[in-house]
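What follows is the content of coords32.pdb, which has PDB, C-alpha atoms:
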ATOM      1  CA  MET A   1     -32.571 -43.730 -22.319  1.00  0.00           C
ATOM      2  CA  TYR A   2     -32.217 -43.694 -18.518  1.00  0.00           C
ATOM      3  CA  ARG A   3     -28.437 -44.021 -18.769  1.00  0.00           C
ATOM      4  CA  LYS A   4     -28.290 -41.136 -21.272  1.00  0.00           C
ATOM      5  CA  LEU A   5     -30.328 -38.913 -18.941  1.00  0.00           C
ATOM      6  CA  ILE A   6     -27.975 -39.622 -16.010  1.00  0.00           C
ATOM      7  CA  MET A   7     -24.976 -38.754 -18.169  1.00  0.00           C
ATOM      8  CA  ILE A   8     -26.564 -35.453 -19.217  1.00  0.00           C
ATOM      9  CA  ILE A   9     -27.417 -34.542 -15.611  1.00  0.00           C
ATOM     10  CA  ALA A  10     -23.914 -35.468 -14.476  1.00  0.00           C
ATOM     11  CA  ALA A  11     -22.370 -33.401 -17.258  1.00  0.00           C
ATOM     12  CA  LEU A  12     -24.501 -30.415 -16.318  1.00  0.00           C
ATOM     13  CA  GLY A  13     -23.523 -30.776 -12.674  1.00  0.00           C
ATOM     14  CA  PHE A  14     -19.824 -30.849 -13.503  1.00  0.00           C
ATOM     15  CA  ALA A  15     -20.257 -27.854 -15.807  1.00  0.00           C
ATOM     16  CA  ASP A  16     -21.593 -25.846 -12.835  1.00  0.00           C
ATOM     17  CA  ILE A  17     -18.551 -26.773 -10.780  1.00  0.00           C
ATOM     18  CA  SER A  18     -16.147 -25.717 -13.523  1.00  0.00           C
ATOM     19  CA  LEU A  19     -17.863 -22.323 -13.761  1.00  0.00           C
ATOM     20  CA  ALA A  20     -17.653 -21.747 -10.009  1.00  0.00           C
ATOM     21  CA  GLN A  21     -14.939 -19.553  -8.551  1.00  0.00           C
ATOM     22  CA  GLU A  22     -11.710 -21.224  -7.600  1.00  0.00           C
ATOM     23  CA  GLY A  23     -11.084 -21.950  -3.950  1.00  0.00           C
ATOM     24  CA  VAL A  24      -7.748 -20.107  -3.916  1.00  0.00           C
ATOM     25  CA  PHE A  25      -6.190 -17.091  -5.565  1.00  0.00           C
ATOM     26  CA  GLN A  26      -2.715 -15.716  -6.147  1.00  0.00           C
ATOM     27  CA  THR A  27      -1.340 -12.306  -5.282  1.00  0.00           C
ATOM     28  CA  LYS A  28       1.829 -10.466  -6.190  1.00  0.00           C
ATOM     29  CA  SER A  29       4.080  -9.178  -3.407  1.00  0.00           C
ATOM     30  CA  LEU A  30       7.088  -6.902  -3.187  1.00  0.00           C
ATOM     31  CA  THR A  31      10.307  -8.700  -2.434  1.00  0.00           C
ATOM     32  CA  PRO A  32      12.158  -7.423   0.642  1.00  0.00           C
ATOM     33  CA  GLU A  33      14.897  -6.184  -1.678  1.00  0.00           C
ATOM     34  CA  THR A  34      12.444  -4.161  -3.761  1.00  0.00           C
ATOM     35  CA  ALA A  35      10.775  -2.711  -0.657  1.00  0.00           C
ATOM     36  CA  LEU A  36      14.205  -1.767   0.697  1.00  0.00           C
ATOM     37  CA  ALA A  37      15.176  -0.097  -2.595  1.00  0.00           C
ATOM     38  CA  ALA A  38      12.023   2.042  -2.478  1.00  0.00           C
ATOM     39  CA  ALA A  39      12.657   3.020   1.140  1.00  0.00           C
ATOM     40  CA  ARG A  40      16.314   3.851   0.556  1.00  0.00           C
ATOM     41  CA  THR A  41      15.540   6.006  -2.464  1.00  0.00           C
ATOM     42  CA  ALA A  42      12.770   7.849  -0.614  1.00  0.00           C
ATOM     43  CA  MET A  43      15.118   8.572   2.298  1.00  0.00           C
ATOM     44  CA  GLU A  44      17.897   9.693  -0.039  1.00  0.00           C
ATOM     45  CA  SER A  45      15.497  11.994  -1.876  1.00  0.00           C
ATOM     46  CA  CYS A  46      14.596  13.667   1.399  1.00  0.00           C
ATOM     47  CA  ARG A  47      18.245  13.858   2.497  1.00  0.00           C
ATOM     48  CA  LYS A  48      19.160  15.712  -0.701  1.00  0.00           C
ATOM     49  CA  GLN A  49      16.588  18.319   0.298  1.00  0.00           C
ATOM     50  CA  GLY A  50      17.956  18.530   3.824  1.00  0.00           C
ATOM     51  CA  TYR A  51      15.191  16.514   5.518  1.00  0.00           C
ATOM     52  CA  GLN A  52      15.736  13.782   8.095  1.00  0.00           C
ATOM     53  CA  VAL A  53      12.877  11.306   7.741  1.00  0.00           C
ATOM     54  CA  ALA A  54      11.597   7.842   8.455  1.00  0.00           C
ATOM     55  CA  VAL A  55      10.272   5.662   5.637  1.00  0.00           C
ATOM     56  CA  ALA A  56       8.015   2.634   5.964  1.00  0.00           C
ATOM     57  CA  VAL A  57       7.069   0.205   3.216  1.00  0.00           C
ATOM     58  CA  VAL A  58       4.185  -2.158   3.923  1.00  0.00           C
ATOM     59  CA  ASP A  59       2.740  -5.076   1.990  1.00  0.00           C
ATOM     60  CA  ARG A  60      -0.797  -5.105   0.598  1.00  0.00           C
ATOM     61  CA  SER A  61      -2.142  -6.072   4.033  1.00  0.00           C
ATOM     62  CA  GLY A  62      -0.390  -3.186   5.752  1.00  0.00           C
ATOM     63  CA  LEU A  63       2.300  -5.286   7.432  1.00  0.00           C
ATOM     64  CA  VAL A  64       5.692  -3.599   7.608  1.00  0.00           C
ATOM     65  CA  GLN A  65       8.309  -4.944   5.222  1.00  0.00           C
ATOM     66  CA  VAL A  66      10.895  -2.190   5.699  1.00  0.00           C
ATOM     67  CA  LEU A  67      11.287   0.642   8.182  1.00  0.00           C
ATOM     68  CA  LEU A  68      14.205   3.072   7.920  1.00  0.00           C
ATOM     69  CA  ARG A  69      14.781   6.099  10.141  1.00  0.00           C
ATOM     70  CA  ASP A  70      17.533   8.563   9.375  1.00  0.00           C
ATOM     71  CA  ARG A  71      19.818   9.222  12.334  1.00  0.00           C
ATOM     72  CA  PHE A  72      18.461  12.692  13.159  1.00  0.00           C
ATOM     73  CA  ALA A  73      14.797  12.096  12.315  1.00  0.00           C
ATOM     74  CA  GLY A  74      12.474  12.702  15.237  1.00  0.00           C
ATOM     75  CA  ALA A  75      11.442   9.827  17.464  1.00  0.00           C
ATOM     76  CA  HIS A  76       7.844  10.158  16.270  1.00  0.00           C
ATOM     77  CA  THR A  77       8.660   9.764  12.568  1.00  0.00           C
ATOM     78  CA  ALA A  78       8.939   5.960  12.527  1.00  0.00           C
ATOM     79  CA  GLY A  79       5.444   5.494  13.925  1.00  0.00           C
ATOM     80  CA  ILE A  80       3.934   8.150  11.704  1.00  0.00           C
ATOM     81  CA  ALA A  81       5.563   6.789   8.531  1.00  0.00           C
ATOM     82  CA  THR A  82       4.232   3.333   9.397  1.00  0.00           C
ATOM     83  CA  LYS A  83       0.701   4.651   9.980  1.00  0.00           C
ATOM     84  CA  LYS A  84       0.772   6.598   6.709  1.00  0.00           C
ATOM     85  CA  ALA A  85       1.838   3.489   4.785  1.00  0.00           C
ATOM     86  CA  TRP A  86      -0.778   1.330   6.565  1.00  0.00           C
ATOM     87  CA  THR A  87      -3.491   3.885   5.831  1.00  0.00           C
ATOM     88  CA  ALA A  88      -2.591   4.131   2.132  1.00  0.00           C
ATOM     89  CA  ALA A  89      -2.571   0.337   1.751  1.00  0.00           C
ATOM     90  CA  SER A  90      -5.720  -0.214   3.774  1.00  0.00           C
ATOM     91  CA  PHE A  91      -7.809   2.392   1.958  1.00  0.00           C
ATOM     92  CA  ARG A  92      -5.976   1.950  -1.360  1.00  0.00           C
ATOM     93  CA  THR A  93      -5.618   5.691  -1.725  1.00  0.00           C
ATOM     94  CA  PRO A  94      -2.973   8.342  -1.101  1.00  0.00           C
ATOM     95  CA  THR A  95      -3.206   9.677   2.426  1.00  0.00           C
ATOM     96  CA  ALA A  96      -3.419  13.286   1.195  1.00  0.00           C
ATOM     97  CA  ALA A  97      -6.687  12.412  -0.578  1.00  0.00           C
ATOM     98  CA  LEU A  98      -7.962  10.684   2.553  1.00  0.00           C
ATOM     99  CA  ALA A  99      -7.070  13.787   4.575  1.00  0.00           C
ATOM    100  CA  VAL A 100      -9.486  15.797   2.454  1.00  0.00           C
ATOM    101  CA  GLU A 101     -12.281  13.206   2.605  1.00  0.00           C
ATOM    102  CA  THR A 102     -12.092  12.716   6.385  1.00  0.00           C
ATOM    103  CA  GLN A 103     -12.217  16.343   7.491  1.00  0.00           C
ATOM    104  CA  ALA A 104     -14.697  17.273  10.197  1.00  0.00           C
ATOM    105  CA  GLY A 105     -18.243  17.385   8.873  1.00  0.00           C
ATOM    106  CA  LYS A 106     -17.578  15.006   5.964  1.00  0.00           C
ATOM    107  CA  PRO A 107     -19.266  11.579   5.848  1.00  0.00           C
ATOM    108  CA  MET A 108     -15.968   9.719   6.362  1.00  0.00           C
ATOM    109  CA  SER A 109     -14.706  11.913   9.233  1.00  0.00           C
ATOM    110  CA  GLY A 110     -15.166   9.057  11.706  1.00  0.00           C
ATOM    111  CA  LEU A 111     -12.282   7.154  10.107  1.00  0.00           C
ATOM    112  CA  ARG A 112      -9.833   9.494  11.822  1.00  0.00           C
ATOM    113  CA  SER A 113     -10.758   7.972  15.173  1.00  0.00           C
ATOM    114  CA  HIS A 114      -9.285   4.598  14.162  1.00  0.00           C
ATOM    115  CA  PRO A 115      -5.961   4.196  16.011  1.00  0.00           C
ATOM    116  CA  LYS A 116      -3.948   3.219  12.908  1.00  0.00           C
ATOM    117  CA  VAL A 117      -5.385   5.769  10.467  1.00  0.00           C
ATOM    118  CA  LEU A 118      -3.220   8.772   9.714  1.00  0.00           C
ATOM    119  CA  ALA A 119      -4.960  11.078   7.271  1.00  0.00           C
ATOM    120  CA  ALA A 120      -2.078  13.382   6.333  1.00  0.00           C
ATOM    121  CA  GLY A 121       0.009  13.591   3.170  1.00  0.00           C
ATOM    122  CA  GLY A 122       3.013  11.328   2.765  1.00  0.00           C
ATOM    123  CA  GLY A 123       1.494   7.881   2.242  1.00  0.00           C
ATOM    124  CA  LEU A 124       1.251   6.489  -1.291  1.00  0.00           C
ATOM    125  CA  VAL A 125      -0.026   3.257  -2.768  1.00  0.00           C
ATOM    126  CA  ILE A 126       2.436   1.025  -4.633  1.00  0.00           C
ATOM    127  CA  GLU A 127       0.649  -0.538  -7.612  1.00  0.00           C
ATOM    128  CA  ALA A 128       1.624  -2.315 -10.793  1.00  0.00           C
ATOM    129  CA  GLY A 129      -0.546  -3.762 -13.509  1.00  0.00           C
ATOM    130  CA  GLY A 130      -3.661  -2.634 -11.638  1.00  0.00           C
ATOM    131  CA  THR A 131      -2.642  -4.700  -8.612  1.00  0.00           C
ATOM    132  CA  LEU A 132      -2.008  -3.323  -5.136  1.00  0.00           C
ATOM    133  CA  LEU A 133       1.447  -4.437  -3.983  1.00  0.00           C
ATOM    134  CA  GLY A 134       1.737  -2.312  -0.859  1.00  0.00           C
ATOM    135  CA  ALA A 135       2.325   1.266   0.193  1.00  0.00           C
ATOM    136  CA  ILE A 136       5.063   3.635   1.297  1.00  0.00           C
ATOM    137  CA  GLY A 137       4.887   6.249   4.016  1.00  0.00           C
ATOM    138  CA  VAL A 138       7.325   9.067   4.762  1.00  0.00           C
ATOM    139  CA  SER A 139       7.438  11.313   7.823  1.00  0.00           C
ATOM    140  CA  GLY A 140       9.773  14.104   8.854  1.00  0.00           C
ATOM    141  CA  ALA A 141       9.896  16.487   5.906  1.00  0.00           C
ATOM    142  CA  PRO A 142       8.204  19.859   6.399  1.00  0.00           C
ATOM    143  CA  GLY A 143       4.644  18.919   5.445  1.00  0.00           C
ATOM    144  CA  GLY A 144       2.751  16.165   3.718  1.00  0.00           C
ATOM    145  CA  GLU A 145       3.554  17.364   0.210  1.00  0.00           C
ATOM    146  CA  ALA A 146       7.298  17.109   0.845  1.00  0.00           C
ATOM    147  CA  ASP A 147       6.844  13.681   2.454  1.00  0.00           C
ATOM    148  CA  ALA A 148       4.793  12.543  -0.561  1.00  0.00           C
ATOM    149  CA  ALA A 149       7.421  13.799  -3.018  1.00  0.00           C
ATOM    150  CA  CYS A 150      10.056  11.637  -1.324  1.00  0.00           C
ATOM    151  CA  ALA A 151       7.669   8.652  -1.303  1.00  0.00           C
ATOM    152  CA  GLU A 152       7.040   9.184  -5.014  1.00  0.00           C
ATOM    153  CA  ALA A 153      10.793   9.093  -5.658  1.00  0.00           C
ATOM    154  CA  GLY A 154      10.911   5.735  -3.876  1.00  0.00           C
ATOM    155  CA  ILE A 155       8.145   4.329  -6.040  1.00  0.00           C
ATOM    156  CA  LYS A 156       9.749   5.622  -9.245  1.00  0.00           C
ATOM    157  CA  ALA A 157      12.982   3.859  -8.292  1.00  0.00           C
ATOM    158  CA  ILE A 158      11.287   0.451  -8.341  1.00  0.00           C
ATOM    159  CA  THR A 159       8.903   0.928 -11.261  1.00  0.00           C
ATOM    160  CA  ASP A 160      10.921  -1.237 -13.658  1.00  0.00           C
ATOM    161  CA  ALA A 161      11.169  -4.018 -11.065  1.00  0.00           C
ATOM    162  CA  ILE A 162       7.433  -4.180 -10.346  1.00  0.00           C
ATOM    163  CA  GLU A 163       5.866  -3.724 -13.774  1.00  0.00           C
ATOM    164  CA  PHE A 164       4.264  -6.865 -15.131  1.00  0.00           C
TER     165      PHE A 164
END
What is this file in structure tokens?
Amino acid sequence: MYRKLIMIIAALGFADISLAQEGVFQTKSLTPETALAAARTAMESCRKQGYQVAVAVVDRSGLVQVLLRDRFAGAHTAGIATKKAWTAASFRTPTAALAVETQAGKPMSGLRSHPKVLAAGGGLVIEAGGTLLGAIGVSGAPGGEADAACAEAGIKAITDAIEF
């Protein structure tokens, strides 16, 4: 009887362990080639419209994977594109939406004081299968909507490669 009781207790203990969360997890990441393809397409989309821009693609943590600046894009565009991409990845939302939610007087307005946050259109999240893979930021077109349109072209160019 005693031996049977120990076996039942041991089995219950091991059952709890098997139901516990795993100690590690896996994430999907953009390859450098895929990030580069998105950036190139975004830049080309802007070029076709006559805009000289910078494009940054970051991973899910906001670390830069690719940064391209067209030869006549302003000196400021590389930093702004990077901040837009970081902001989109960090908050997991397009930067145009964050621009609305962080206006003066809104509850999230304090976010604008963070040195890396750039709440202006042109930063988009790159997702596939409900998973955040990274983000893309564009700077240099006339306004956030034009920047975002070029970023969207970059994402569309890699859609087949990232769907899973």
Original post:
What would the list of residues within 10 Å of (11.1, 6.5, -2.8) (file frame) look like as a count of residues only, if all atoms listed in the file are what count?
Top reply: 30
Original post:
Expanded to explicit residues, what is the PyMOL selection byres ((chain A and resi 98) around 9) for this file, as a PyMOL selection string?
Top reply: chain A and resi 87-88+91+93-97+99-103+108+118-121
**OP:** Determine the residue set returned by the PyMOL selection byres ((chain A and resi 27) around 10) for the present structure, and present it as a PyMOL selection string.
**Re:** chain A and resi 25-26+28-29+60+131-133
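In terms of minimum interatomic distance to Phe164 (chain A), A:Ala128 ranks closest within A:Leu67, A:Ala128, A:Ala141, A:Ala73, counting only C-alpha atoms.
Restricting the calculation to only C-alpha atoms, the smallest distance between Pro32 (chain A) and any of A:Pro107, A:Lys84, A:Val64, A:Lys48 is found for A:Val64.
With distances taken over all atoms listed in the file, A:Val66 is the one residue among A:Val66, A:Ala89, A:Ala78, A:Val125 lying closest to Thr31 (chain A).
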Box in all listed atoms of region 86-93 of chain A, axis-aligned, with 3 Å more on each side; write out centre and edge lengths in Å to one decimal as JSON.
{"center_x": -4.3, "center_y": 2.7, "center_z": 2.4, "size_x": 13.0, "size_y": 11.9, "size_z": 14.3}
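CA of Gly134 (chain A) to CA of Arg69 (chain A) spans 19.0 Å [interatomic distance, one decimal].
Atom pair CA of Ser90 (chain A) / CA of Ala56 (chain A): separated by 14.2 Å.
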Original post:
Using the chain letters and numbers from the file, which residues does the PyMOL selection byres ((chain A and resi 74) around 10) grab, as a PyMOL selection string?
Top reply: chain A and resi 52-54+69-73+75-78+139-140
Can you write out the residues you just picked, keeping C-alpha atoms, as a PDB file, keeping the file's coordinate frame?
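In the end it all went to out_0.pdb:
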ATOM      1  CA  GLN A  52      15.736  13.782   8.095  1.00  0.00           C
ATOM      2  CA  VAL A  53      12.877  11.306   7.741  1.00  0.00           C
ATOM      3  CA  ALA A  54      11.597   7.842   8.455  1.00  0.00           C
ATOM      4  CA  ARG A  69      14.781   6.099  10.141  1.00  0.00           C
ATOM      5  CA  ASP A  70      17.533   8.563   9.375  1.00  0.00           C
ATOM      6  CA  ARG A  71      19.818   9.222  12.334  1.00  0.00           C
ATOM      7  CA  PHE A  72      18.461  12.692  13.159  1.00  0.00           C
ATOM      8  CA  ALA A  73      14.797  12.096  12.315  1.00  0.00           C
ATOM      9  CA  ALA A  75      11.442   9.827  17.464  1.00  0.00           C
ATOM     10  CA  HIS A  76       7.844  10.158  16.270  1.00  0.00           C
ATOM     11  CA  THR A  77       8.660   9.764  12.568  1.00  0.00           C
ATOM     12  CA  ALA A  78       8.939   5.960  12.527  1.00  0.00           C
ATOM     13  CA  SER A 139       7.438  11.313   7.823  1.00  0.00           C
ATOM     14  CA  GLY A 140       9.773  14.104   8.854  1.00  0.00           C
TER      15      GLY A 140
END
Subject >> CA of His114 (chain A) to CA of Trp86 (chain A), distance in Å rounded to a single decimal >> reply: 11.9 Å
**OP:** Return the single residue from A:Ile80, A:Ile162, A:Pro142, A:Glu127 that is closest to Tyr51 (chain A), with distances computed using all atoms listed in the file.
**Re:** A:Pro142
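For the residues A:Ala85, A:Gly122, A:Lys116, A:Asp59, ranking by smallest atom-to-atom distance to Glu145 (chain A) using all atoms listed in the file places A:Gly122 first.
Closest approach to Gly144 (chain A) from the set A:Ala161, A:Val117, A:Leu111, A:Ala81 is made by A:Ala81, with distances taken over all atoms listed in the file.
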Can you sort out region 132-160 of chain A so it carries N, CA and C atoms, written as a PDB file, in the coordinates of the input?
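Contents of out-v1.pdb, as written:
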ATOM      1  N   LEU A 132      -2.602  -3.929  -6.321  1.00  0.00           N
ATOM      2  CA  LEU A 132      -2.008  -3.323  -5.136  1.00  0.00           C
ATOM      3  C   LEU A 132      -0.899  -4.229  -4.627  1.00  0.00           C
ATOM      4  N   LEU A 133       0.309  -3.680  -4.503  1.00  0.00           N
ATOM      5  CA  LEU A 133       1.447  -4.437  -3.983  1.00  0.00           C
ATOM      6  C   LEU A 133       1.775  -4.036  -2.553  1.00  0.00           C
ATOM      7  N   GLY A 134       1.433  -2.815  -2.191  1.00  0.00           N
ATOM      8  CA  GLY A 134       1.737  -2.312  -0.859  1.00  0.00           C
ATOM      9  C   GLY A 134       1.617  -0.811  -0.838  1.00  0.00           C
ATOM     10  N   ALA A 135       2.348  -0.191   0.083  1.00  0.00           N
ATOM     11  CA  ALA A 135       2.325   1.266   0.193  1.00  0.00           C
ATOM     12  C   ALA A 135       3.605   1.727   0.861  1.00  0.00           C
ATOM     13  N   ILE A 136       3.883   3.018   0.700  1.00  0.00           N
ATOM     14  CA  ILE A 136       5.063   3.635   1.297  1.00  0.00           C
ATOM     15  C   ILE A 136       4.620   4.884   2.052  1.00  0.00           C
ATOM     16  N   GLY A 137       5.190   5.071   3.219  1.00  0.00           N
ATOM     17  CA  GLY A 137       4.887   6.249   4.016  1.00  0.00           C
ATOM     18  C   GLY A 137       6.167   6.941   4.426  1.00  0.00           C
ATOM     19  N   VAL A 138       6.160   8.264   4.383  1.00  0.00           N
ATOM     20  CA  VAL A 138       7.325   9.067   4.762  1.00  0.00           C
ATOM     21  C   VAL A 138       6.878  10.087   5.795  1.00  0.00           C
ATOM     22  N   SER A 139       7.721  10.317   6.797  1.00  0.00           N
ATOM     23  CA  SER A 139       7.438  11.313   7.823  1.00  0.00           C
ATOM     24  C   SER A 139       8.726  12.020   8.221  1.00  0.00           C
ATOM     25  N   GLY A 140       8.629  13.339   8.377  1.00  0.00           N
ATOM     26  CA  GLY A 140       9.773  14.104   8.854  1.00  0.00           C
ATOM     27  C   GLY A 140      10.117  15.298   8.000  1.00  0.00           C
ATOM     28  N   ALA A 141       9.690  15.314   6.753  1.00  0.00           N
ATOM     29  CA  ALA A 141       9.896  16.487   5.906  1.00  0.00           C
ATOM     30  C   ALA A 141       8.904  17.558   6.356  1.00  0.00           C
ATOM     31  N   PRO A 142       9.117  18.803   5.956  1.00  0.00           N
ATOM     32  CA  PRO A 142       8.204  19.859   6.399  1.00  0.00           C
ATOM     33  C   PRO A 142       6.872  19.846   5.635  1.00  0.00           C
ATOM     34  N   GLY A 143       5.975  18.988   6.052  1.00  0.00           N
ATOM     35  CA  GLY A 143       4.644  18.919   5.445  1.00  0.00           C
ATOM     36  C   GLY A 143       4.420  17.682   4.618  1.00  0.00           C
ATOM     37  N   GLY A 144       3.149  17.361   4.447  1.00  0.00           N
ATOM     38  CA  GLY A 144       2.751  16.165   3.718  1.00  0.00           C
ATOM     39  C   GLY A 144       3.151  16.157   2.262  1.00  0.00           C
ATOM     40  N   GLU A 145       3.169  17.323   1.619  1.00  0.00           N
ATOM     41  CA  GLU A 145       3.554  17.364   0.210  1.00  0.00           C
ATOM     42  C   GLU A 145       5.020  16.982   0.031  1.00  0.00           C
ATOM     43  N   ALA A 146       5.869  17.457   0.923  1.00  0.00           N
ATOM     44  CA  ALA A 146       7.298  17.109   0.845  1.00  0.00           C
ATOM     45  C   ALA A 146       7.498  15.632   1.153  1.00  0.00           C
ATOM     46  N   ASP A 147       6.781  15.115   2.149  1.00  0.00           N
ATOM     47  CA  ASP A 147       6.844  13.681   2.454  1.00  0.00           C
ATOM     48  C   ASP A 147       6.423  12.861   1.232  1.00  0.00           C
ATOM     49  N   ALA A 148       5.314  13.271   0.602  1.00  0.00           N
ATOM     50  CA  ALA A 148       4.793  12.543  -0.561  1.00  0.00           C
ATOM     51  C   ALA A 148       5.766  12.586  -1.736  1.00  0.00           C
ATOM     52  N   ALA A 149       6.458  13.697  -1.922  1.00  0.00           N
ATOM     53  CA  ALA A 149       7.421  13.799  -3.018  1.00  0.00           C
ATOM     54  C   ALA A 149       8.556  12.792  -2.830  1.00  0.00           C
ATOM     55  N   CYS A 150       9.001  12.624  -1.599  1.00  0.00           N
ATOM     56  CA  CYS A 150      10.056  11.637  -1.324  1.00  0.00           C
ATOM     57  C   CYS A 150       9.524  10.217  -1.530  1.00  0.00           C
ATOM     58  N   ALA A 151       8.285   9.972  -1.097  1.00  0.00           N
ATOM     59  CA  ALA A 151       7.669   8.652  -1.303  1.00  0.00           C
ATOM     60  C   ALA A 151       7.541   8.347  -2.785  1.00  0.00           C
ATOM     61  N   GLU A 152       7.165   9.353  -3.560  1.00  0.00           N
ATOM     62  CA  GLU A 152       7.040   9.184  -5.014  1.00  0.00           C
ATOM     63  C   GLU A 152       8.385   8.824  -5.636  1.00  0.00           C
ATOM     64  N   ALA A 153       9.454   9.436  -5.157  1.00  0.00           N
ATOM     65  CA  ALA A 153      10.793   9.093  -5.658  1.00  0.00           C
ATOM     66  C   ALA A 153      11.105   7.628  -5.373  1.00  0.00           C
ATOM     67  N   GLY A 154      10.701   7.140  -4.213  1.00  0.00           N
ATOM     68  CA  GLY A 154      10.911   5.735  -3.876  1.00  0.00           C
ATOM     69  C   GLY A 154      10.169   4.803  -4.810  1.00  0.00           C
ATOM     70  N   ILE A 155       8.938   5.160  -5.130  1.00  0.00           N
ATOM     71  CA  ILE A 155       8.145   4.329  -6.040  1.00  0.00           C
ATOM     72  C   ILE A 155       8.744   4.349  -7.444  1.00  0.00           C
ATOM     73  N   LYS A 156       9.151   5.527  -7.905  1.00  0.00           N
ATOM     74  CA  LYS A 156       9.749   5.622  -9.245  1.00  0.00           C
ATOM     75  C   LYS A 156      11.001   4.756  -9.363  1.00  0.00           C
ATOM     76  N   ALA A 157      11.750   4.648  -8.265  1.00  0.00           N
ATOM     77  CA  ALA A 157      12.982   3.859  -8.292  1.00  0.00           C
ATOM     78  C   ALA A 157      12.745   2.372  -8.520  1.00  0.00           C
ATOM     79  N   ILE A 158      11.566   1.890  -8.195  1.00  0.00           N
ATOM     80  CA  ILE A 158      11.287   0.451  -8.341  1.00  0.00           C
ATOM     81  C   ILE A 158      10.320   0.137  -9.465  1.00  0.00           C
ATOM     82  N   THR A 159       9.911   1.128 -10.219  1.00  0.00           N
ATOM     83  CA  THR A 159       8.903   0.928 -11.261  1.00  0.00           C
ATOM     84  C   THR A 159       9.271  -0.185 -12.228  1.00  0.00           C
ATOM     85  N   ASP A 160      10.505  -0.202 -12.705  1.00  0.00           N
ATOM     86  CA  ASP A 160      10.921  -1.237 -13.658  1.00  0.00           C
ATOM     87  C   ASP A 160      10.853  -2.640 -13.019  1.00  0.00           C
TER      88      ASP A 160
END
